[in-house]
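Some notes on the structure that comes next.
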Amino acid sequence: MKAIGIITNSDKDMNFRFTKLVADKIIELGGRVLMPHASAVHMEHNIEALDEREIYLKAEGVLCLGGDGTYLKVARNAYSANVPILGINLGTLGFLTEIEKSDINTAIESILNDRYTIEERMMLETVIYSKSGVIAKDIALNDVVISRGELSRILHLKTYINNVYAESYPGDGIIVSSPTGSTAYSLSAGGPIVEPDLEIIVITPICPHILYSRSFITTAERVVRVVVDESYEHSAMVTVDGQNGYEVKGGYSIEVKKAPCSVKMIKVANKNFFKILRSKFYMRGETFKDEIQ
């Protein structure tokens, strides 16, 4: 892999300190660096400055520097271009971003010398229907969240799996999650932890106003449909990966299923999922060093 795109969250990398380290190392090892115009002007070397959309089309791989939010944004674009990605953690938790600051040089050397593997992760495809037809289509790596709007009113949602009625949830909403997203919002709402290389869909209620609260797990080959109760007089929200939001009303339905393709993740370290889980959640990343050695 020689042509590498770099996408940086400038709020996480003040003065592009770590971005410069990454770009310098790639060039030192004979690679090409592709960056958006706004970031390229801060670099000291002759960087190929492109529109961000062009980077995904021309790069052999894309590195993103930031937190999990940055990674989710990049993953959605990389999915459409079928280009693999690797995250460098400049945030706090950084569960999706595999590489810590202290591991940057080793990771770049592995990529430039083709010492890496590609792991494919299931994506979710969602379609939102009003009473008159389709109003939006989107994709998610983590989750699709149907939640109440600005007013603190109980939201009544009916859930169907392959058009078979499963359950009704009065409460704050529902999270429809991929295995990758099981350690995100779904986990906070009491959902199960799922190994990310599985292919299932998790449906987790948010603060349900009932005497029990359990997630549903179904095979990825099925279609989940969530219907906002007809009598609901207020607006609700559908949020996709925390990136895009859509307003829905009573009678609207949200269909979620496995997307036709997977997102490709670059893996340069043989890190066990449960070891990552322990270090990221139990110790909140305290075992990792914060600076380049």
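Chain lettering (A, B, ...) mirrors the order of the structure tokens, residue numbering begins at 1 for each chain separately, and ligand numbering begins at 1 in order of display.
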
Name the residues in contact with region 258-262 of chain A at a cut-off of 8 Å, using only C-alpha atoms, excluding same-chain residues fewer than 2 positions from it; report them as a PDB file with N, CA and C atoms, in the first residue's frame.
```
ATOM      1  N   TYR A  79     -16.855   3.225   2.907  1.00  0.00           N
ATOM      2  CA  TYR A  79     -17.754   2.144   2.500  1.00  0.00           C
ATOM      3  C   TYR A  79     -18.232   2.358   1.065  1.00  0.00           C
ATOM      4  N   GLU A 120     -13.445  -7.274   7.622  1.00  0.00           N
ATOM      5  CA  GLU A 120     -14.694  -6.713   7.105  1.00  0.00           C
ATOM      6  C   GLU A 120     -15.740  -6.666   8.205  1.00  0.00           C
ATOM      7  N   ARG A 121     -16.408  -5.527   8.313  1.00  0.00           N
ATOM      8  CA  ARG A 121     -17.460  -5.337   9.314  1.00  0.00           C
ATOM      9  C   ARG A 121     -18.801  -5.073   8.630  1.00  0.00           C
ATOM     10  N   MET A 122     -19.802  -5.701   9.150  1.00  0.00           N
ATOM     11  CA  MET A 122     -21.159  -5.538   8.638  1.00  0.00           C
ATOM     12  C   MET A 122     -21.658  -4.109   8.826  1.00  0.00           C
ATOM     13  N   MET A 123     -22.311  -3.591   7.796  1.00  0.00           N
ATOM     14  CA  MET A 123     -22.954  -2.280   7.858  1.00  0.00           C
ATOM     15  C   MET A 123     -24.468  -2.463   7.872  1.00  0.00           C
ATOM     16  N   LEU A 124     -25.170  -1.443   8.324  1.00  0.00           N
ATOM     17  CA  LEU A 124     -26.635  -1.432   8.319  1.00  0.00           C
ATOM     18  C   LEU A 124     -27.137  -0.459   7.258  1.00  0.00           C
ATOM     19  N   GLU A 125     -28.168  -0.864   6.579  1.00  0.00           N
ATOM     20  CA  GLU A 125     -28.831   0.003   5.601  1.00  0.00           C
ATOM     21  C   GLU A 125     -30.205   0.348   6.144  1.00  0.00           C
ATOM     22  N   ILE A 139     -26.811   4.722   5.569  1.00  0.00           N
ATOM     23  CA  ILE A 139     -26.074   3.548   6.023  1.00  0.00           C
ATOM     24  C   ILE A 139     -25.431   3.844   7.362  1.00  0.00           C
ATOM     25  N   ALA A 220     -28.704 -11.437  10.741  1.00  0.00           N
ATOM     26  CA  ALA A 220     -28.527 -10.299   9.833  1.00  0.00           C
ATOM     27  C   ALA A 220     -29.312 -10.465   8.536  1.00  0.00           C
ATOM     28  N   GLU A 221     -29.826 -11.658   8.287  1.00  0.00           N
ATOM     29  CA  GLU A 221     -30.593 -11.887   7.061  1.00  0.00           C
ATOM     30  C   GLU A 221     -32.029 -11.398   7.179  1.00  0.00           C
ATOM     31  N   ARG A 222     -32.437 -10.972   8.372  1.00  0.00           N
ATOM     32  CA  ARG A 222     -33.805 -10.511   8.564  1.00  0.00           C
ATOM     33  C   ARG A 222     -33.889  -8.980   8.486  1.00  0.00           C
ATOM     34  N   VAL A 223     -35.096  -8.494   8.326  1.00  0.00           N
ATOM     35  CA  VAL A 223     -35.352  -7.055   8.219  1.00  0.00           C
ATOM     36  C   VAL A 223     -36.090  -6.595   9.474  1.00  0.00           C
ATOM     37  N   VAL A 256     -34.609  -1.352   8.828  1.00  0.00           N
ATOM     38  CA  VAL A 256     -33.156  -1.535   8.977  1.00  0.00           C
ATOM     39  C   VAL A 256     -32.811  -2.970   8.614  1.00  0.00           C
ATOM     40  N   LYS A 264     -14.320  -2.065   5.157  1.00  0.00           N
ATOM     41  CA  LYS A 264     -13.047  -2.766   5.304  1.00  0.00           C
ATOM     42  C   LYS A 264     -12.147  -2.004   6.272  1.00  0.00           C
TER      43      LYS A 264
END
```

Can you pull out every residue within 8 Å of region 4-18 of chain A, counting only C-alpha atoms, but drop anything in the same chain fewer than 4 positions away, and send it as a PyMOL selection string? chain A and resi 22-23+31-36+39+42+55-56+59-67+70+74+90-91+101

Using DSSP on the backbone, list every residue of region 111-241 of chain A that comes out as alpha helix (DSSP H), and give them as a PyMOL selection string. chain A and resi 111-112+185-188

Please list as a ChimeraX atom specification every residue within 12 Å of His209 (chain A), counting only C-alpha atoms and excluding residues in the same chain fewer than 6 positions away. /A:153-157,168-173

Residue subset to file, keeping N, CA and C atoms, as a short mmCIF file (atom, residue, chain, number, x, y, z; two decimals), in the first residue's frame:
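Output contents, as saved in again29.cif:
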```
data_model
loop_
_atom_site.label_atom_id
_atom_site.label_comp_id
_atom_site.auth_asym_id
_atom_site.auth_seq_id
_atom_site.Cartn_x
_atom_site.Cartn_y
_atom_site.Cartn_z
N ARG A 153 -41.87 13.38 26.03
CA ARG A 153 -43.10 12.59 25.98
C ARG A 153 -42.75 11.15 25.61
N ILE A 154 -43.46 10.21 26.20
CA ILE A 154 -43.21 8.80 25.91
C ILE A 154 -43.47 8.53 24.43
N LEU A 155 -42.53 7.84 23.81
CA LEU A 155 -42.62 7.48 22.40
C LEU A 155 -43.04 6.02 22.31
N HIS A 156 -44.11 5.75 21.58
CA HIS A 156 -44.60 4.38 21.42
C HIS A 156 -44.13 3.84 20.08
N LEU A 157 -43.37 2.75 20.13
CA LEU A 157 -42.80 2.16 18.92
C LEU A 157 -43.17 0.69 18.81
N SER A 168 -43.92 -4.06 21.37
CA SER A 168 -44.14 -2.61 21.43
C SER A 168 -43.36 -2.04 22.61
N TYR A 169 -42.71 -0.91 22.37
CA TYR A 169 -41.91 -0.29 23.42
C TYR A 169 -42.38 1.13 23.67
N PRO A 170 -42.99 1.41 24.83
CA PRO A 170 -43.19 2.79 25.25
C PRO A 170 -41.96 3.25 26.02
N GLY A 171 -41.43 4.39 25.68
CA GLY A 171 -40.23 4.85 26.36
C GLY A 171 -39.54 5.96 25.60
N ASP A 172 -38.21 6.01 25.69
CA ASP A 172 -37.45 7.06 25.01
C ASP A 172 -37.06 6.69 23.59
N GLY A 173 -37.16 5.40 23.23
CA GLY A 173 -36.84 5.02 21.86
C GLY A 173 -36.27 3.62 21.75
#
```

All residues 7 Å or closer to Leu72 (chain A), only C-alpha atoms, same chain fewer than 4 positions away omitted, as a ChimeraX atom specification: /A:68,76,141,241

As a PyMOL selection string, please: every residue in region 122-162 of chain A that a backbone DSSP assignment puts in strand (DSSP E). chain A and resi 122-130+133-140+143-148+155-161

Which residues come within 12 Å of Glu230 (chain A), counting only C-alpha atoms, excluding same-chain residues fewer than 5 positions away, as a ChimeraX atom specification? /A:130-131,155-158,235,248-253

Could you dump the residues just selected with N, CA and C atoms as a short mmCIF file (atom, residue, chain, number, x, y, z; two decimals), in the first residue's frame?
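Result went into selection.cif, see below:
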```
data_model
loop_
_atom_site.label_atom_id
_atom_site.label_comp_id
_atom_site.auth_asym_id
_atom_site.auth_seq_id
_atom_site.Cartn_x
_atom_site.Cartn_y
_atom_site.Cartn_z
N SER A 130 -42.46 7.67 5.06
CA SER A 130 -43.62 8.42 5.55
C SER A 130 -44.85 7.72 5.02
N LYS A 131 -46.01 8.28 5.24
CA LYS A 131 -47.24 7.66 4.74
C LYS A 131 -47.31 7.71 3.22
N LEU A 155 -42.53 7.84 23.81
CA LEU A 155 -42.62 7.48 22.40
C LEU A 155 -43.04 6.02 22.31
N HIS A 156 -44.11 5.75 21.58
CA HIS A 156 -44.60 4.38 21.42
C HIS A 156 -44.13 3.84 20.08
N LEU A 157 -43.37 2.75 20.13
CA LEU A 157 -42.80 2.16 18.92
C LEU A 157 -43.17 0.69 18.81
N LYS A 158 -43.63 0.31 17.65
CA LYS A 158 -43.94 -1.11 17.37
C LYS A 158 -42.79 -1.69 16.55
N SER A 235 -43.03 15.18 17.15
CA SER A 235 -41.96 14.72 16.26
C SER A 235 -40.99 13.82 17.01
N VAL A 248 -39.22 12.32 12.16
CA VAL A 248 -40.32 11.42 11.79
C VAL A 248 -41.53 11.72 12.68
N LYS A 249 -42.70 11.28 12.23
CA LYS A 249 -43.94 11.53 12.94
C LYS A 249 -44.76 10.25 13.06
N GLY A 250 -45.90 10.35 13.71
CA GLY A 250 -46.78 9.21 13.87
C GLY A 250 -47.13 8.57 12.54
N GLY A 251 -47.02 7.24 12.46
CA GLY A 251 -47.32 6.53 11.23
C GLY A 251 -46.10 6.29 10.35
N TYR A 252 -44.99 6.97 10.62
CA TYR A 252 -43.76 6.74 9.85
C TYR A 252 -43.15 5.39 10.27
N SER A 253 -42.39 4.78 9.37
CA SER A 253 -41.71 3.53 9.71
C SER A 253 -40.24 3.60 9.29
#
```

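Among the candidates A:Ile108, A:Val176, A:Leu50, A:Val145, the residue lying nearest to Thr239 (chain A) is A:Val145 (atoms considered: only C-alpha atoms).
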
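Between CA of Ala136 (chain A) and CA of Met237 (chain A) the interatomic distance comes to 12.5 Å.
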
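Between CA of Thr218 (chain A) and CA of Lys137 (chain A) the separation is 21.7 Å.
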
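Closest approach to Leu21 (chain A) from the set A:Glu44, A:Glu255, A:Asp143, A:Glu150 is made by A:Glu44, with distances taken over only C-alpha atoms.
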
If you count only C-alpha atoms, which residues fall within 12 Å of Val144 (chain A), apart from same-chain ones fewer than 2 positions away, as a ChimeraX atom specification? /A:123-128,137-142,146-147,173-178,181-182,184-186,201-204,224-226,237-246,254-258

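Taking CA of Asn163 (chain A) as the reference point, CA of Asp229 (chain A) is found at 15.8 Å.
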
If we count only C-alpha atoms and set the cut-off at 9 Å, which residues sit around Glu195 (chain A), ignoring sequence neighbours fewer than 3 positions away in its own chain? Please answer as a PDB file with all heavy atoms, in the first residue's frame.
```
ATOM      1  N   PRO A 179     -23.187  -5.510  15.130  1.00  0.00           N
ATOM      2  CA  PRO A 179     -22.246  -6.018  16.135  1.00  0.00           C
ATOM      3  C   PRO A 179     -21.195  -4.979  16.527  1.00  0.00           C
ATOM      4  O   PRO A 179     -20.850  -4.857  17.703  1.00  0.00           O
ATOM      5  CB  PRO A 179     -21.615  -7.226  15.430  1.00  0.00           C
ATOM      6  CG  PRO A 179     -22.690  -7.708  14.515  1.00  0.00           C
ATOM      7  CD  PRO A 179     -23.347  -6.453  14.005  1.00  0.00           C
ATOM      8  N   THR A 180     -20.683  -4.217  15.567  1.00  0.00           N
ATOM      9  CA  THR A 180     -19.718  -3.164  15.885  1.00  0.00           C
ATOM     10  C   THR A 180     -20.328  -2.140  16.830  1.00  0.00           C
ATOM     11  O   THR A 180     -19.684  -1.663  17.766  1.00  0.00           O
ATOM     12  CB  THR A 180     -19.230  -2.472  14.595  1.00  0.00           C
ATOM     13  OG1 THR A 180     -18.603  -3.435  13.757  1.00  0.00           O
ATOM     14  CG2 THR A 180     -18.244  -1.356  14.908  1.00  0.00           C
ATOM     15  N   SER A 182     -22.561  -2.623  19.034  1.00  0.00           N
ATOM     16  CA  SER A 182     -23.030  -3.176  20.318  1.00  0.00           C
ATOM     17  C   SER A 182     -22.264  -2.601  21.501  1.00  0.00           C
ATOM     18  O   SER A 182     -22.762  -2.626  22.632  1.00  0.00           O
ATOM     19  CB  SER A 182     -22.904  -4.702  20.308  1.00  0.00           C
ATOM     20  OG  SER A 182     -21.547  -5.114  20.411  1.00  0.00           O
ATOM     21  N   LEU A 198     -19.233 -10.984  13.946  1.00  0.00           N
ATOM     22  CA  LEU A 198     -20.479 -11.726  13.750  1.00  0.00           C
ATOM     23  C   LEU A 198     -21.408 -10.935  12.835  1.00  0.00           C
ATOM     24  O   LEU A 198     -21.187  -9.757  12.567  1.00  0.00           O
ATOM     25  CB  LEU A 198     -21.164 -11.982  15.096  1.00  0.00           C
ATOM     26  CG  LEU A 198     -20.389 -12.827  16.105  1.00  0.00           C
ATOM     27  CD1 LEU A 198     -21.192 -12.966  17.390  1.00  0.00           C
ATOM     28  CD2 LEU A 198     -20.070 -14.199  15.529  1.00  0.00           C
ATOM     29  N   PHE A 273     -10.274  -8.883  20.876  1.00  0.00           N
ATOM     30  CA  PHE A 273     -11.434  -8.026  21.126  1.00  0.00           C
ATOM     31  C   PHE A 273     -11.686  -7.831  22.615  1.00  0.00           C
ATOM     32  O   PHE A 273     -11.947  -6.718  23.076  1.00  0.00           O
ATOM     33  CB  PHE A 273     -12.674  -8.630  20.450  1.00  0.00           C
ATOM     34  CG  PHE A 273     -13.966  -7.965  20.820  1.00  0.00           C
ATOM     35  CD1 PHE A 273     -14.270  -6.684  20.366  1.00  0.00           C
ATOM     36  CD2 PHE A 273     -14.892  -8.609  21.623  1.00  0.00           C
ATOM     37  CE1 PHE A 273     -15.461  -6.066  20.707  1.00  0.00           C
ATOM     38  CE2 PHE A 273     -16.090  -7.996  21.969  1.00  0.00           C
ATOM     39  CZ  PHE A 273     -16.379  -6.721  21.506  1.00  0.00           C
ATOM     40  N   PHE A 274     -11.594  -8.899  23.391  1.00  0.00           N
ATOM     41  CA  PHE A 274     -11.905  -8.803  24.818  1.00  0.00           C
ATOM     42  C   PHE A 274     -10.798  -8.084  25.599  1.00  0.00           C
ATOM     43  O   PHE A 274     -11.065  -7.439  26.607  1.00  0.00           O
ATOM     44  CB  PHE A 274     -12.176 -10.201  25.393  1.00  0.00           C
ATOM     45  CG  PHE A 274     -13.382 -10.843  24.787  1.00  0.00           C
ATOM     46  CD1 PHE A 274     -13.259 -11.801  23.807  1.00  0.00           C
ATOM     47  CD2 PHE A 274     -14.654 -10.441  25.175  1.00  0.00           C
ATOM     48  CE1 PHE A 274     -14.381 -12.373  23.226  1.00  0.00           C
ATOM     49  CE2 PHE A 274     -15.778 -11.001  24.599  1.00  0.00           C
ATOM     50  CZ  PHE A 274     -15.652 -11.974  23.630  1.00  0.00           C
TER      51      PHE A 274
END
```
